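Let me begin by presenting the structure, written as structure tokens, before commenting on it.
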Amino acid sequence: MVEVTLDMDADPTPLLILQSESWEIHVWATLKDLSRLSEIREATWPNRRSLQAGTCAGTPVFWSLTADDQATLLIGQDDETWDAALLIPLTTVDAIAALTRQPP
């Protein structure tokens, strides 16, 4: 299970915190970028498609859907030469997209 927290008051942009029992990652992204994650089902890795949304440690974050319907976060210069990657449940990405649609 991955816990999702969206800190709308973070500066300079909202902060998305993804956390499991063994890791935590911070992604800085605009709500507009995060709302694009609702399109992840079209960003399939077997077709070499991804969505860029946010930065982590000053580096772009790319999101894609694997063949087994999990989401992959790729952190690096691009989605081919990334430095770190995480697999998260697709339901987590759906939860992130839903948070961007909630009224303040």
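By order in the structure tokens, chains are A, B, ...; within a chain, residues start at 1; ligands start at 1, following the order shown.
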Q: Can you pull out every residue within 12 Å of Thr30 in chain A, counting only C-alpha atoms, but drop anything in the same chain fewer than 6 positions away, and send it as a PyMOL selection string?
A: chain A and resi 6-16+36-37+52-55+97+100
Print the selection's residues with all heavy atoms to a file, as a short mmCIF file (atom, residue, chain, number, x, y, z; two decimals), in the first residue's frame.
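The resulting file, out28.cif, is reproduced below:
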```cif
data_model
loop_
_atom_site.label_atom_id
_atom_site.label_comp_id
_atom_site.auth_asym_id
_atom_site.auth_seq_id
_atom_site.Cartn_x
_atom_site.Cartn_y
_atom_site.Cartn_z
N LEU A 6 -1.02 15.21 -0.50
CA LEU A 6 -0.80 16.35 -1.38
C LEU A 6 -0.82 17.61 -0.53
O LEU A 6 -1.85 17.99 0.01
CB LEU A 6 -1.87 16.42 -2.47
CG LEU A 6 -1.72 17.52 -3.51
CD1 LEU A 6 -0.37 17.43 -4.22
CD2 LEU A 6 -2.86 17.47 -4.52
N ASP A 7 0.35 18.24 -0.38
CA ASP A 7 0.48 19.47 0.41
C ASP A 7 0.30 20.65 -0.53
O ASP A 7 1.22 21.03 -1.26
CB ASP A 7 1.84 19.50 1.09
CG ASP A 7 2.05 20.74 1.95
OD1 ASP A 7 1.17 21.64 1.95
OD2 ASP A 7 3.09 20.82 2.62
N MET A 8 -0.90 21.22 -0.53
CA MET A 8 -1.23 22.34 -1.41
C MET A 8 -0.52 23.62 -1.01
O MET A 8 -0.38 24.54 -1.81
CB MET A 8 -2.74 22.56 -1.40
CG MET A 8 -3.53 21.37 -1.88
SD MET A 8 -3.29 21.08 -3.61
CE MET A 8 -4.13 22.48 -4.27
N ASP A 9 -0.08 23.71 0.24
CA ASP A 9 0.54 24.94 0.74
C ASP A 9 2.05 24.94 0.61
O ASP A 9 2.71 25.89 1.04
CB ASP A 9 0.15 25.16 2.21
CG ASP A 9 -1.34 25.36 2.37
OD1 ASP A 9 -1.95 26.00 1.49
OD2 ASP A 9 -1.89 24.87 3.37
N ALA A 10 2.61 23.91 0.03
CA ALA A 10 4.07 23.86 -0.14
C ALA A 10 4.51 24.98 -1.09
O ALA A 10 3.74 25.44 -1.94
CB ALA A 10 4.49 22.50 -0.68
N ASP A 11 5.74 25.40 -0.96
CA ASP A 11 6.26 26.50 -1.77
C ASP A 11 7.51 26.02 -2.50
O ASP A 11 8.36 25.39 -1.88
CB ASP A 11 6.59 27.66 -0.84
CG ASP A 11 6.98 28.93 -1.58
OD1 ASP A 11 6.41 29.18 -2.65
OD2 ASP A 11 7.85 29.64 -1.07
N PRO A 12 7.64 26.19 -3.77
CA PRO A 12 6.89 27.08 -4.66
C PRO A 12 5.69 26.43 -5.36
O PRO A 12 4.85 27.12 -5.92
CB PRO A 12 7.93 27.49 -5.69
CG PRO A 12 8.80 26.28 -5.82
CD PRO A 12 8.84 25.67 -4.43
N THR A 13 5.61 25.11 -5.36
CA THR A 13 4.48 24.41 -5.97
C THR A 13 3.99 23.34 -5.01
O THR A 13 4.68 22.98 -4.06
CB THR A 13 4.86 23.73 -7.31
OG1 THR A 13 5.92 22.80 -7.07
CG2 THR A 13 5.31 24.74 -8.36
N PRO A 14 2.80 22.78 -5.26
CA PRO A 14 2.32 21.70 -4.39
C PRO A 14 3.33 20.54 -4.31
O PRO A 14 4.08 20.28 -5.25
CB PRO A 14 1.03 21.26 -5.07
CG PRO A 14 0.55 22.48 -5.77
CD PRO A 14 1.80 23.14 -6.27
N LEU A 15 3.31 19.87 -3.17
CA LEU A 15 4.21 18.75 -2.92
C LEU A 15 3.39 17.47 -2.78
O LEU A 15 2.51 17.38 -1.93
CB LEU A 15 5.01 18.99 -1.64
CG LEU A 15 5.88 17.84 -1.14
CD1 LEU A 15 6.95 17.48 -2.16
CD2 LEU A 15 6.50 18.21 0.20
N LEU A 16 3.69 16.50 -3.62
CA LEU A 16 3.08 15.19 -3.57
C LEU A 16 4.03 14.27 -2.80
O LEU A 16 5.20 14.14 -3.16
CB LEU A 16 2.86 14.64 -4.98
CG LEU A 16 2.39 13.20 -5.09
CD1 LEU A 16 0.97 13.06 -4.52
CD2 LEU A 16 2.45 12.74 -6.53
N ARG A 36 -2.96 15.52 -15.15
CA ARG A 36 -2.71 14.76 -16.38
C ARG A 36 -2.50 13.26 -16.10
O ARG A 36 -2.60 12.44 -17.01
CB ARG A 36 -1.48 15.31 -17.11
CG ARG A 36 -1.72 16.68 -17.69
CD ARG A 36 -0.52 17.24 -18.44
NE ARG A 36 0.03 16.29 -19.37
CZ ARG A 36 1.30 15.86 -19.34
NH1 ARG A 36 2.14 16.29 -18.43
NH2 ARG A 36 1.74 15.00 -20.25
N LEU A 37 -2.24 12.91 -14.85
CA LEU A 37 -2.05 11.50 -14.52
C LEU A 37 -3.32 10.68 -14.73
O LEU A 37 -3.25 9.46 -14.82
CB LEU A 37 -1.54 11.35 -13.08
CG LEU A 37 -0.14 11.92 -12.83
CD1 LEU A 37 0.24 11.76 -11.37
CD2 LEU A 37 0.88 11.29 -13.75
N GLN A 52 5.21 13.27 -18.39
CA GLN A 52 6.10 13.98 -17.49
C GLN A 52 5.24 14.82 -16.56
O GLN A 52 4.43 15.62 -17.02
CB GLN A 52 7.08 14.86 -18.23
CG GLN A 52 8.04 15.55 -17.30
CD GLN A 52 9.04 16.45 -17.99
OE1 GLN A 52 9.08 16.51 -19.21
NE2 GLN A 52 9.82 17.15 -17.21
N ALA A 53 5.40 14.61 -15.27
CA ALA A 53 4.65 15.38 -14.28
C ALA A 53 5.48 15.52 -13.02
O ALA A 53 5.67 14.54 -12.29
CB ALA A 53 3.31 14.72 -13.96
N GLY A 54 5.99 16.70 -12.78
CA GLY A 54 6.71 17.00 -11.56
C GLY A 54 8.21 16.79 -11.63
O GLY A 54 8.76 16.35 -12.65
N THR A 55 8.83 17.13 -10.50
CA THR A 55 10.27 16.93 -10.34
C THR A 55 10.53 16.32 -8.97
O THR A 55 9.75 16.51 -8.02
CB THR A 55 11.06 18.25 -10.45
OG1 THR A 55 10.63 19.14 -9.42
CG2 THR A 55 10.90 18.89 -11.81
N ALA A 97 -4.72 11.70 -9.08
CA ALA A 97 -5.54 12.47 -10.03
C ALA A 97 -6.82 12.97 -9.36
O ALA A 97 -7.24 14.11 -9.58
CB ALA A 97 -5.84 11.63 -11.26
N THR A 100 -6.45 16.14 -7.28
CA THR A 100 -6.32 17.40 -8.02
C THR A 100 -7.67 17.97 -8.41
O THR A 100 -7.78 19.13 -8.77
CB THR A 100 -5.46 17.23 -9.30
OG1 THR A 100 -6.15 16.39 -10.23
CG2 THR A 100 -4.09 16.67 -8.97
#
```
Q. Looking only at the backbone, which of the residues in chain A does DSSP tag as helix (DSSP H, G or I), as a PyMOL selection string?
A. chain A and resi 31-42+45-47+90-101
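For Ser38 in chain A, the list of residues within 10 Å, based on only C-alpha atoms and with local chain neighbours fewer than 5 positions off taken out, reads Val93, Asp94, Ala95, Ile96, Ala97, Ala98 and Thr100 of chain A.
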Output N, CA and C atoms for every residue in the selection just made, as a compact mmCIF listing (two decimals), in the first residue's frame.
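Saved file out.txt follows:
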```
# COMPACT_ATOMS: atom_id res chain seq x y z
N VAL A 93 -2.16 6.08 -8.51
CA VAL A 93 -2.17 7.16 -9.50
C VAL A 93 -3.58 7.72 -9.65
N ASP A 94 -4.57 6.85 -9.62
CA ASP A 94 -5.97 7.31 -9.67
C ASP A 94 -6.27 8.21 -8.48
N ALA A 95 -5.76 7.86 -7.31
CA ALA A 95 -5.97 8.67 -6.11
C ALA A 95 -5.32 10.04 -6.23
N ILE A 96 -4.14 10.08 -6.83
CA ILE A 96 -3.45 11.36 -7.04
C ILE A 96 -4.28 12.25 -7.96
N ALA A 97 -4.72 11.70 -9.08
CA ALA A 97 -5.54 12.47 -10.03
C ALA A 97 -6.82 12.97 -9.36
N ALA A 98 -7.43 12.15 -8.53
CA ALA A 98 -8.65 12.55 -7.84
C ALA A 98 -8.41 13.71 -6.88
N THR A 100 -6.45 16.14 -7.28
CA THR A 100 -6.32 17.40 -8.02
C THR A 100 -7.67 17.97 -8.41
```
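Of the residues listed (A:Asp83, A:Asp78, A:Ile88, A:Lys32), A:Ile88 shows the shortest atom-to-atom separation from Ser20 in chain A; distances use only C-alpha atoms.
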**Q.** strand (DSSP E or B) positions in chain A, given as a ChimeraX atom specification
**A.** /A:3-7,15-19,24-28,44,51-56,59-65,70-76,82-89
